[in-house]
$ cat model.pdb   # PDB, C-alpha atoms
ATOM      1  CA  MET A1373     114.051  59.100  -5.284
ATOM      2  CA  SER A1374     112.098  62.017  -3.801
ATOM      3  CA  LYS A1375     113.218  65.616  -4.177
ATOM      4  CA  THR A1376     114.601  67.442  -1.187
ATOM      5  CA  ALA A1377     113.669  70.918  -0.005
ATOM      6  CA  LEU A1378     115.077  73.255   2.618
ATOM      7  CA  VAL A1379     112.344  75.238   4.408
ATOM      8  CA  VAL A1380     113.532  78.230   6.429
ATOM      9  CA  ASP A1381     111.188  80.281   8.631
ATOM     10  CA  ASP A1382     111.356  81.505  12.217
ATOM     11  CA  SER A1383     107.648  80.800  12.676
ATOM     12  CA  PRO A1384     107.127  77.111  13.604
ATOM     13  CA  THR A1385     103.537  77.227  12.295
ATOM     14  CA  MET A1386     104.651  78.577   8.919
ATOM     15  CA  ARG A1387     107.382  75.929   8.697
ATOM     16  CA  GLN A1388     104.787  73.260   9.458
ATOM     17  CA  MET A1389     102.428  74.556   6.771
ATOM     18  CA  VAL A1390     105.096  74.800   4.076
ATOM     19  CA  THR A1391     106.448  71.397   5.081
ATOM     20  CA  PHE A1392     102.907  69.934   4.996
ATOM     21  CA  THR A1393     102.427  71.320   1.481
ATOM     22  CA  LEU A1394     105.771  70.016   0.225
ATOM     23  CA  THR A1395     105.641  66.589   1.856
ATOM     24  CA  SER A1396     102.094  66.145   0.476
ATOM     25  CA  ALA A1397     103.669  66.639  -2.943
ATOM     26  CA  GLY A1398     106.347  64.017  -2.241
ATOM     27  CA  PHE A1399     109.250  66.193  -1.098
ATOM     28  CA  THR A1400     111.607  65.304   1.718
ATOM     29  CA  VAL A1401     112.003  68.438   3.834
ATOM     30  CA  VAL A1402     114.794  69.783   6.012
ATOM     31  CA  GLU A1403     113.580  72.600   8.296
ATOM     32  CA  ALA A1404     115.596  75.488   9.697
ATOM     33  CA  GLU A1405     114.483  78.352  11.950
ATOM     34  CA  ASN A1406     116.710  81.072  10.448
ATOM     35  CA  GLY A1407     119.470  81.612   7.908
ATOM     36  CA  LYS A1408     122.252  80.638  10.277
ATOM     37  CA  ASP A1409     120.469  77.437  11.269
ATOM     38  CA  ALA A1410     119.927  76.685   7.565
ATOM     39  CA  VAL A1411     123.620  77.132   6.745
ATOM     40  CA  ASN A1412     124.506  74.767   9.608
ATOM     41  CA  LYS A1413     121.952  72.183   8.524
ATOM     42  CA  ILE A1414     123.091  72.030   4.906
ATOM     43  CA  SER A1415     126.768  71.652   5.729
ATOM     44  CA  GLY A1416     127.690  68.186   4.545
ATOM     45  CA  VAL A1417     124.445  67.792   2.575
ATOM     46  CA  PRO A1418     125.466  67.069  -1.027
ATOM     47  CA  LYS A1419     122.543  68.799  -2.735
ATOM     48  CA  MET A1420     119.024  70.189  -2.248
ATOM     49  CA  ASP A1421     116.514  70.522  -5.070
ATOM     50  CA  LEU A1422     114.690  73.551  -3.684
ATOM     51  CA  VAL A1423     114.911  76.234  -0.995
ATOM     52  CA  VAL A1424     111.877  78.092   0.386
ATOM     53  CA  THR A1425     112.862  80.833   2.794
ATOM     54  CA  ASP A1426     111.298  83.607   4.812
ATOM     55  CA  LEU A1427     112.817  87.105   4.648
ATOM     56  CA  ASN A1428     112.688  88.596   8.141
ATOM     57  CA  MET A1429     114.358  86.235  10.588
ATOM     58  CA  PRO A1430     116.661  86.685  13.568
ATOM     59  CA  GLU A1431     120.432  85.952  13.351
ATOM     60  CA  MET A1432     120.502  85.719   9.538
ATOM     61  CA  ASP A1433     117.707  86.952   7.273
ATOM     62  CA  GLY A1434     116.563  85.509   3.951
ATOM     63  CA  ILE A1435     118.611  87.846   1.744
ATOM     64  CA  ALA A1436     121.825  87.067   3.653
ATOM     65  CA  LEU A1437     121.005  83.353   3.449
ATOM     66  CA  ILE A1438     120.553  83.498  -0.334
ATOM     67  CA  LYS A1439     123.907  85.284  -0.687
ATOM     68  CA  GLU A1440     125.569  82.567   1.423
ATOM     69  CA  LEU A1441     123.916  79.771  -0.541
ATOM     70  CA  ARG A1442     124.848  81.243  -3.920
ATOM     71  CA  LYS A1443     128.528  81.127  -2.878
ATOM     72  CA  LEU A1444     128.275  77.332  -2.653
ATOM     73  CA  ALA A1445     128.751  75.331  -5.835
ATOM     74  CA  THR A1446     125.958  72.931  -4.832
ATOM     75  CA  PHE A1447     123.435  75.783  -4.483
ATOM     76  CA  LYS A1448     124.522  77.913  -7.404
ATOM     77  CA  PHE A1449     121.602  76.854  -9.584
ATOM     78  CA  THR A1450     119.143  75.635  -6.947
ATOM     79  CA  PRO A1451     115.758  77.388  -7.189
ATOM     80  CA  ILE A1452     115.329  79.622  -4.143
ATOM     81  CA  LEU A1453     111.875  81.007  -3.417
ATOM     82  CA  MET A1454     111.364  83.823  -0.953
ATOM     83  CA  LEU A1455     108.120  83.376   0.996
ATOM     84  CA  THR A1456     107.410  86.509   2.983
ATOM     85  CA  THR A1457     104.815  89.069   4.059
ATOM     86  CA  GLU A1458     107.031  91.785   2.516
ATOM     87  CA  SER A1459     105.867  92.929  -0.903
ATOM     88  CA  ALA A1460     107.769  96.213  -1.407
ATOM     89  CA  VAL A1461     109.235  96.374  -4.908
ATOM     90  CA  GLU A1462     112.638  97.609  -3.686
ATOM     91  CA  THR A1463     112.936  94.646  -1.300
ATOM     92  CA  LYS A1464     111.984  92.266  -4.105
ATOM     93  CA  LEU A1465     114.749  93.786  -6.211
ATOM     94  CA  GLU A1466     117.166  93.258  -3.339
ATOM     95  CA  GLY A1467     116.110  89.602  -3.315
ATOM     96  CA  LYS A1468     116.556  89.341  -7.061
ATOM     97  CA  GLU A1469     120.057  90.814  -6.837
ATOM     98  CA  ALA A1470     120.944  88.389  -4.035
ATOM     99  CA  GLY A1471     119.993  85.496  -6.319
ATOM    100  CA  ALA A1472     116.374  84.623  -5.467
ATOM    101  CA  THR A1473     114.491  82.731  -8.172
ATOM    102  CA  GLY A1474     111.077  83.984  -7.169
ATOM    103  CA  TRP A1475     109.102  85.881  -4.568
ATOM    104  CA  ILE A1476     105.807  84.764  -3.036
ATOM    105  CA  VAL A1477     103.870  87.004  -0.688
ATOM    106  CA  LYS A1478     102.222  85.425   2.367
ATOM    107  CA  PRO A1479      99.624  84.186   2.991
ATOM    108  CA  PHE A1480     100.501  81.595   0.385
ATOM    109  CA  ASN A1481      98.070  79.382  -1.466
ATOM    110  CA  PRO A1482      99.475  75.811  -1.441
ATOM    111  CA  GLU A1483      98.209  75.195  -4.966
ATOM    112  CA  VAL A1484      99.931  78.338  -6.262
ATOM    113  CA  LEU A1485     103.134  77.442  -4.392
ATOM    114  CA  MET A1486     103.198  74.019  -6.049
ATOM    115  CA  LYS A1487     102.570  75.561  -9.486
ATOM    116  CA  VAL A1488     105.463  77.955  -8.977
ATOM    117  CA  ILE A1489     107.705  75.116  -7.783
ATOM    118  CA  ALA A1490     106.799  73.043 -10.825
ATOM    119  CA  LYS A1491     107.784  75.994 -12.979
ATOM    120  CA  VAL A1492     111.159  76.700 -11.349
ATOM    121  CA  LEU A1493     112.332  73.129 -10.808
ATOM    122  CA  PRO A1494     114.458  71.776 -13.635
ATOM    123  CA  SER A1495     112.461  69.126 -15.484
TER
ATOM    124  CA  MET B1225     117.482 128.914  39.256
ATOM    125  CA  SER B1226     117.909 125.737  41.325
ATOM    126  CA  SER B1227     120.613 123.155  40.653
ATOM    127  CA  ASP B1228     118.110 120.269  40.211
ATOM    128  CA  ILE B1229     117.337 121.389  36.637
ATOM    129  CA  PRO B1230     118.260 118.504  34.306
ATOM    130  CA  GLY B1231     121.927 118.923  33.433
ATOM    131  CA  GLY B1232     121.851 121.905  35.788
ATOM    132  CA  GLU B1233     125.411 123.240  35.882
ATOM    133  CA  GLY B1234     127.015 126.389  34.517
ATOM    134  CA  THR B1235     125.557 129.885  34.295
ATOM    135  CA  THR B1236     121.907 130.754  34.703
ATOM    136  CA  THR B1237     121.703 131.373  30.943
ATOM    137  CA  ASP B1238     123.140 127.917  30.248
ATOM    138  CA  GLN B1239     120.675 126.384  32.652
ATOM    139  CA  TYR B1240     117.799 128.251  31.018
ATOM    140  CA  ASP B1241     118.879 127.072  27.546
ATOM    141  CA  ARG B1242     119.082 123.481  28.764
ATOM    142  CA  LEU B1243     115.698 123.754  30.412
ATOM    143  CA  GLN B1244     114.205 125.153  27.221
ATOM    144  CA  GLU B1245     115.848 122.425  25.167
ATOM    145  CA  HIS B1246     114.537 119.823  27.590
ATOM    146  CA  GLN B1247     111.033 121.237  27.365
ATOM    147  CA  GLN B1248     111.214 121.249  23.560
ATOM    148  CA  ALA B1249     112.312 117.618  23.592
ATOM    149  CA  TRP B1250     109.348 116.666  25.788
ATOM    150  CA  GLU B1251     106.969 118.639  23.568
ATOM    151  CA  GLU B1252     108.354 116.911  20.495
ATOM    152  CA  PHE B1253     107.952 113.535  22.153
ATOM    153  CA  GLY B1254     104.418 114.429  23.282
ATOM    154  CA  ALA B1255     103.412 115.560  19.783
ATOM    155  CA  CYS B1256     104.783 112.339  18.346
ATOM    156  CA  ALA B1257     102.919 110.259  20.957
ATOM    157  CA  VAL B1258      99.637 112.047  20.183
ATOM    158  CA  GLN B1259     100.111 111.234  16.501
ATOM    159  CA  MET B1260     101.349 107.677  16.940
ATOM    160  CA  ILE B1261      98.974 106.295  19.564
ATOM    161  CA  PRO B1262      96.082 106.155  17.035
ATOM    162  CA  VAL B1263      98.425 104.403  14.571
ATOM    163  CA  LEU B1264      99.315 101.703  17.096
ATOM    164  CA  LYS B1265      95.663 101.317  18.082
ATOM    165  CA  ALA B1266      94.726 100.963  14.395
ATOM    166  CA  GLN B1267      97.426  98.301  13.910
ATOM    167  CA  MET B1268      96.120  96.382  16.923
ATOM    168  CA  ALA B1269      92.500  96.713  15.740
ATOM    169  CA  ALA B1270      93.627  95.295  12.373
ATOM    170  CA  VAL B1271      95.078  92.284  14.211
ATOM    171  CA  THR B1272      91.761  91.667  15.972
ATOM    172  CA  GLU B1273      89.884  91.957  12.666
ATOM    173  CA  GLU B1274      92.301  89.578  10.973
ATOM    174  CA  THR B1275      91.997  87.049  13.798
ATOM    175  CA  GLU B1276      88.193  87.118  13.714
ATOM    176  CA  ARG B1277      88.026  86.914   9.934
ATOM    177  CA  SER B1278      90.475  84.015   9.763
ATOM    178  CA  ALA B1279      88.779  82.115  12.591
ATOM    179  CA  MET B1280      85.470  82.411  10.735
ATOM    180  CA  GLU B1281      87.094  81.285   7.480
ATOM    181  CA  LEU B1282      88.650  78.305   9.254
ATOM    182  CA  LEU B1283      85.296  77.345  10.689
ATOM    183  CA  VAL B1284      83.617  77.532   7.270
ATOM    184  CA  HIS B1285      86.321  75.445   5.593
ATOM    185  CA  LEU B1286      86.411  72.888   8.399
ATOM    186  CA  ARG B1287      82.617  72.468   8.161
ATOM    187  CA  LEU B1288      82.947  72.065   4.415
ATOM    188  CA  LEU B1289      85.693  69.467   4.832
ATOM    189  CA  ALA B1290      83.622  67.591   7.419
ATOM    190  CA  SER B1291      80.601  67.628   5.104
ATOM    191  CA  LEU B1292      82.504  66.016   2.245
ATOM    192  CA  GLY B1293      81.275  62.478   1.927
ATOM    193  CA  PRO B1294      83.504  59.402   1.527
ATOM    194  CA  ASN B1295      83.096  59.677  -2.228
ATOM    195  CA  ALA B1296      84.479  63.214  -2.424
ATOM    196  CA  SER B1297      87.239  63.629  -4.973
ATOM    197  CA  GLU B1298      90.874  64.248  -4.105
ATOM    198  CA  ASP B1299      90.562  67.633  -5.822
ATOM    199  CA  ASP B1300      87.689  68.665  -3.531
ATOM    200  CA  ARG B1301      89.609  67.582  -0.426
ATOM    201  CA  GLY B1302      92.763  69.282  -1.706
ATOM    202  CA  ALA B1303      90.873  72.531  -2.349
ATOM    203  CA  SER B1304      89.423  72.493   1.177
ATOM    204  CA  LEU B1305      92.832  71.787   2.710
ATOM    205  CA  SER B1306      94.390  74.609   0.687
ATOM    206  CA  LYS B1307      91.822  77.051   2.032
ATOM    207  CA  ILE B1308      92.494  75.869   5.587
ATOM    208  CA  VAL B1309      96.258  76.323   5.099
ATOM    209  CA  ILE B1310      95.695  79.857   3.745
ATOM    210  CA  ALA B1311      93.403  80.795   6.658
ATOM    211  CA  MET B1312      95.773  79.345   9.272
ATOM    212  CA  GLN B1313      98.540  81.701   8.196
ATOM    213  CA  PHE B1314      96.795  84.504  10.084
ATOM    214  CA  GLN B1315      98.880  83.426  13.079
ATOM    215  CA  ASP B1316     102.154  84.346  11.332
ATOM    216  CA  ILE B1317     100.762  87.645  10.036
ATOM    217  CA  THR B1318      99.208  88.772  13.321
ATOM    218  CA  ARG B1319     102.332  87.700  15.255
ATOM    219  CA  GLN B1320     104.466  89.961  13.060
ATOM    220  CA  LYS B1321     102.060  92.889  13.361
ATOM    221  CA  LEU B1322     102.016  92.627  17.149
ATOM    222  CA  GLU B1323     105.824  92.339  17.195
ATOM    223  CA  HIS B1324     106.003  95.625  15.283
ATOM    224  CA  VAL B1325     103.685  97.314  17.796
ATOM    225  CA  GLY B1326     105.931  95.936  20.569
ATOM    226  CA  GLN B1327     109.054  97.227  18.818
ATOM    227  CA  ALA B1328     107.463 100.677  18.515
ATOM    228  CA  LEU B1329     106.659 100.690  22.237
ATOM    229  CA  ASP B1330     110.246  99.601  23.022
ATOM    230  CA  GLN B1331     111.579 102.523  20.971
ATOM    231  CA  TRP B1332     109.284 104.921  22.782
ATOM    232  CA  SER B1333     110.443 103.528  26.096
ATOM    233  CA  ILE B1334     114.091 104.139  25.135
ATOM    234  CA  GLN B1335     113.256 107.695  24.071
ATOM    235  CA  LEU B1336     111.304 108.289  27.266
ATOM    236  CA  HIS B1337     114.214 107.088  29.414
ATOM    237  CA  LYS B1338     116.575 109.434  27.543
ATOM    238  CA  LEU B1339     114.224 112.332  28.214
ATOM    239  CA  MET B1340     113.937 111.427  31.882
ATOM    240  CA  ARG B1341     117.715 111.376  32.220
ATOM    241  CA  GLY B1342     117.766 115.084  31.469
ATOM    242  CA  ALA B1343     118.363 117.795  28.925
ATOM    243  CA  GLY B1344     122.092 117.047  28.521
ATOM    244  CA  GLU B1345     121.233 113.555  27.345
ATOM    245  CA  THR B1346     118.298 114.562  25.178
ATOM    246  CA  GLY B1347     119.857 117.625  23.603
ATOM    247  CA  THR B1348     121.601 115.751  20.821
ATOM    248  CA  LYS B1349     119.052 112.985  20.545
ATOM    249  CA  ARG B1350     115.758 114.813  20.427
ATOM    250  CA  ARG B1351     115.820 115.150  16.665
ATOM    251  CA  ILE B1352     115.623 111.396  16.282
ATOM    252  CA  SER B1353     112.262 110.820  14.771
ATOM    253  CA  VAL B1354     110.312 108.179  16.647
ATOM    254  CA  LEU B1355     107.741 108.339  13.879
ATOM    255  CA  GLU B1356     110.241 107.263  11.238
ATOM    256  CA  ARG B1357     111.534 104.447  13.414
ATOM    257  CA  ILE B1358     108.060 102.991  13.794
ATOM    258  CA  LYS B1359     107.602 103.001  10.021
ATOM    259  CA  GLN B1360     110.922 101.227   9.584
ATOM    260  CA  ASN B1361     109.631  98.257  11.619
ATOM    261  CA  TYR B1362     106.924  97.421   9.123
ATOM    262  CA  THR B1363     107.332  94.478   6.796
ATOM    263  CA  MET B1364     103.871  94.477   5.219
ATOM    264  CA  GLU B1365     102.340  96.901   2.740
ATOM    265  CA  GLU B1366      99.092  96.571   4.668
ATOM    266  CA  GLU B1367     100.825  97.995   7.770
ATOM    267  CA  ARG B1368     102.373 100.879   5.807
ATOM    268  CA  ARG B1369      99.037 101.753   4.207
ATOM    269  CA  LEU B1370      97.232 101.634   7.548
ATOM    270  CA  HIS B1371      99.928 103.841   9.098
ATOM    271  CA  ALA B1372      99.650 106.392   6.297
ATOM    272  CA  ALA B1373      95.849 106.314   6.341
ATOM    273  CA  THR B1374      95.719 106.846  10.118
ATOM    274  CA  ILE B1375      98.046 109.848  10.191
ATOM    275  CA  SER B1376      96.704 111.448   7.026
ATOM    276  CA  PRO B1377      92.950 111.868   6.426
ATOM    277  CA  ASP B1378      93.706 112.680   2.764
ATOM    278  CA  TYR B1379      95.550 109.400   2.233
ATOM    279  CA  GLN B1380      94.933 107.697  -1.105
ATOM    280  CA  GLU B1381      95.759 104.117  -1.953
ATOM    281  CA  PRO B1382      98.840 103.827  -4.189
ATOM    282  CA  VAL B1383      98.569 102.453  -7.687
ATOM    283  CA  PRO B1384     100.038  98.922  -7.475
ATOM    284  CA  ILE B1385     103.213  98.287  -9.435
ATOM    285  CA  ASP B1386     105.117  95.061  -9.881
ATOM    286  CA  ILE B1387     108.476  93.994 -11.286
ATOM    287  CA  GLU B1388     106.913  91.402 -13.542
ATOM    288  CA  GLU B1389     103.286  90.705 -14.246
ATOM    289  CA  PRO B1390     102.327  87.393 -12.660
ATOM    290  CA  GLU B1391     100.849  84.806 -14.950
ATOM    291  CA  ALA B1392      97.097  84.472 -15.132
ATOM    292  CA  GLU B1393      96.963  81.112 -13.398
ATOM    293  CA  GLN B1394      99.066  82.324 -10.503
ATOM    294  CA  ASP B1395      97.606  84.150  -7.554
ATOM    295  CA  ARG B1396      97.513  87.668  -9.005
ATOM    296  CA  GLY B1397      99.994  90.016  -7.379
ATOM    297  CA  SER B1398     101.413  87.559  -4.858
ATOM    298  CA  VAL B1399     103.971  85.812  -7.086
ATOM    299  CA  THR B1400     106.981  87.334  -8.801
ATOM    300  CA  LEU B1401     109.414  85.236 -10.793
ATOM    301  CA  PHE B1402     112.792  86.752 -11.584
TER
END
$ encode --input "model.pdb" --output "structure tokens"
Amino acid sequence: MSKTALVVDDSPTMRQMVTFTLTSAGFTVVEAENGKDAVNKISGVPKMDLVVTDLNMPEMDGIALIKELRKLATFKFTPILMLTTESAVETKLEGKEAGATGWIVKPFNPEVLMKVIAKVLPS
Amino acid sequence: MSSDIPGGEGTTTDQYDRLQEHQQAWEEFGACAVQMIPVLKAQMAAVTEETERSAMELLVHLRLLASLGPNASEDDRGASLSKIVIAMQFQDITRQKLEHVGQALDQWSIQLHKLMRGAGETGTKRRISVLERIKQNYTMEEERRLHAATISPDYQEPVPIDIEEPEAEQDRGSVTLF
């Protein structure tokens, strides 16, 4: 059974590129255009193996999304990667405190993304 | 003094104070505009540069992909595709940069409307720093550095710091694992 990933980004092109990278590696992907959309889309979904989210999005940003996800028992230990153009150390720390597993600065290299995913996914 | 002075009611002294305050607010706004217009132009020039560079990179990688023969390995094709995916992300980066320029112009427009409404309206607001608000819009270090470099000729690049050193095989500086 393939692993499932939630990809959250307000940019349709970025979503497509992350989805392309993940589906090429065998993932089944659920896409959402912001944090609020993501929360709606996962309601009723038993479990996701991975979340890749942008930071700056309308309605609900990436940090708020991580905080919401970490409240759910099914997402308590799910690896959550922040994929964003923001690289300020203080914002990274904010992400860490919210419960992010890792932080990748855009533009991302698909090969590096897959290496990071391999590292954070439970074997 | 005529009654069409912005907020023009009360004694002549009051009217003079309001007029002076109004003039100061306009001068402050003007000084900020003189400083910020080159910053916005620099941000837009950076977008054009990024677009041209990425388009050229895409072209190179697409030619390379097209030149790969039927016997090319999966690794070679994968490497070419990775480079295309990296180059294509210019759209997301340039979109954000242009959004930040747009947000800065929106903030200026709001400030300008307040000033045009008169001294009474601007009196308490004129200390709001448009400059600081523009900086708050940025989400990329590249934008912050360009902003600082444009307004300060003595600007020096900061020494990079990171929470955790990325591993050697990872893209140096772009990955942080907590």
$ resolve_selection --input "model.pdb" --expression "the PyMOL selection byres ((chain A) within 12 of (chain B))" --output "PyMOL selection string"
chain A and resi 1381-1393+1396-1397+1426-1429+1451-1489+1491-1492
$ atom_distance --input "model.pdb" --atom1 "CA of Leu1378 in chain A" --atom2 "CA of Gly1416 in chain A"
13.7 Å
$ closest_residue --input "model.pdb" --among "B:Asn1361, B:Thr1374, B:Thr1272, B:Gln1335" --to "Glu1252 in chain B" --atoms "all atoms listed in the file"
B:Gln1335
$ resolve_selection --input "model.pdb" --expression "the PyMOL selection byres ((chain A and resi 1399) around 6)" --output "PyMOL selection string"
chain A and resi 1374-1376+1394-1395+1397-1398+1400
$ closest_residue --input "model.pdb" --among "B:Ser1304, B:Glu1274, B:Leu1339, B:Met1260" --to "Leu1288 in chain B" --atoms "all atoms listed in the file"
B:Ser1304
$ resolve_selection --input "model.pdb" --expression "the PyMOL selection byres ((chain A and resi 1437-1445) around 9)" --output "tab-separated table (two decimals) with C-alpha atoms, keeping the file's coordinate frame"
chain	number	residue	atom	x	y	z
A	1406	ASN	CA	116.71	81.07	10.45
A	1407	GLY	CA	119.47	81.61	7.91
A	1408	LYS	CA	122.25	80.64	10.28
A	1410	ALA	CA	119.93	76.68	7.56
A	1411	VAL	CA	123.62	77.13	6.74
A	1425	THR	CA	112.86	80.83	2.79
A	1432	MET	CA	120.50	85.72	9.54
A	1433	ASP	CA	117.71	86.95	7.27
A	1434	GLY	CA	116.56	85.51	3.95
A	1435	ILE	CA	118.61	87.85	1.74
A	1436	ALA	CA	121.82	87.07	3.65
A	1446	THR	CA	125.96	72.93	-4.83
A	1447	PHE	CA	123.44	75.78	-4.48
A	1448	LYS	CA	124.52	77.91	-7.40
A	1449	PHE	CA	121.60	76.85	-9.58
A	1450	THR	CA	119.14	75.64	-6.95
A	1452	ILE	CA	115.33	79.62	-4.14
A	1467	GLY	CA	116.11	89.60	-3.32
A	1470	ALA	CA	120.94	88.39	-4.04
A	1471	GLY	CA	119.99	85.50	-6.32
A	1472	ALA	CA	116.37	84.62	-5.47
$ atom_distance --input "model.pdb" --atom1 "CA of Ile1375 in chain B" --atom2 "CA of Val1263 in chain B"
7.0 Å
$ atom_distance --input "model.pdb" --atom1 "CA of Arg1369 in chain B" --atom2 "CA of Gln1267 in chain B"
10.4 Å
$ closest_residue --input "model.pdb" --among "B:Ala1257, B:Ala1290, B:Met1268, B:Leu1243" --to "Gln1331 in chain B" --atoms "all atoms listed in the file"
B:Ala1257
$ residues_near_point --input "model.pdb" --point "(95.3, 94.3, 13.8)" --cutoff "9 Å" --atoms "all atoms listed in the file" --output "list of chain:residue names"
B:Lys1265, B:Ala1266, B:Gln1267, B:Met1268, B:Ala1269, B:Ala1270, B:Val1271, B:Thr1272, B:Glu1273, B:Glu1274, B:Thr1275, B:Thr1318, B:Lys1321, B:Leu1322, B:Glu1367
$ decode --input "model.pdb" --residues "range 1300-1311 of chain B" --atoms "C-alpha atoms" --output "mmCIF file, in the first residue's frame"
data_model
loop_
_atom_site.group_PDB
_atom_site.id
_atom_site.type_symbol
_atom_site.label_atom_id
_atom_site.label_comp_id
_atom_site.auth_asym_id
_atom_site.auth_seq_id
_atom_site.Cartn_x
_atom_site.Cartn_y
_atom_site.Cartn_z
ATOM 1 C CA ASP B 1300 20.358 10.971 -15.960
ATOM 2 C CA ARG B 1301 16.683 11.609 -16.729
ATOM 3 C CA GLY B 1302 15.927 12.089 -13.031
ATOM 4 C CA ALA B 1303 18.776 14.598 -12.671
ATOM 5 C CA SER B 1304 17.516 16.598 -15.662
ATOM 6 C CA LEU B 1305 13.951 16.581 -14.336
ATOM 7 C CA SER B 1306 15.159 17.717 -10.911
ATOM 8 C CA LYS B 1307 16.926 20.686 -12.469
ATOM 9 C CA ILE B 1308 13.788 21.582 -14.427
ATOM 10 C CA VAL B 1309 11.671 21.407 -11.249
ATOM 11 C CA ILE B 1310 14.161 23.664 -9.420
ATOM 12 C CA ALA B 1311 14.212 26.211 -12.272
#
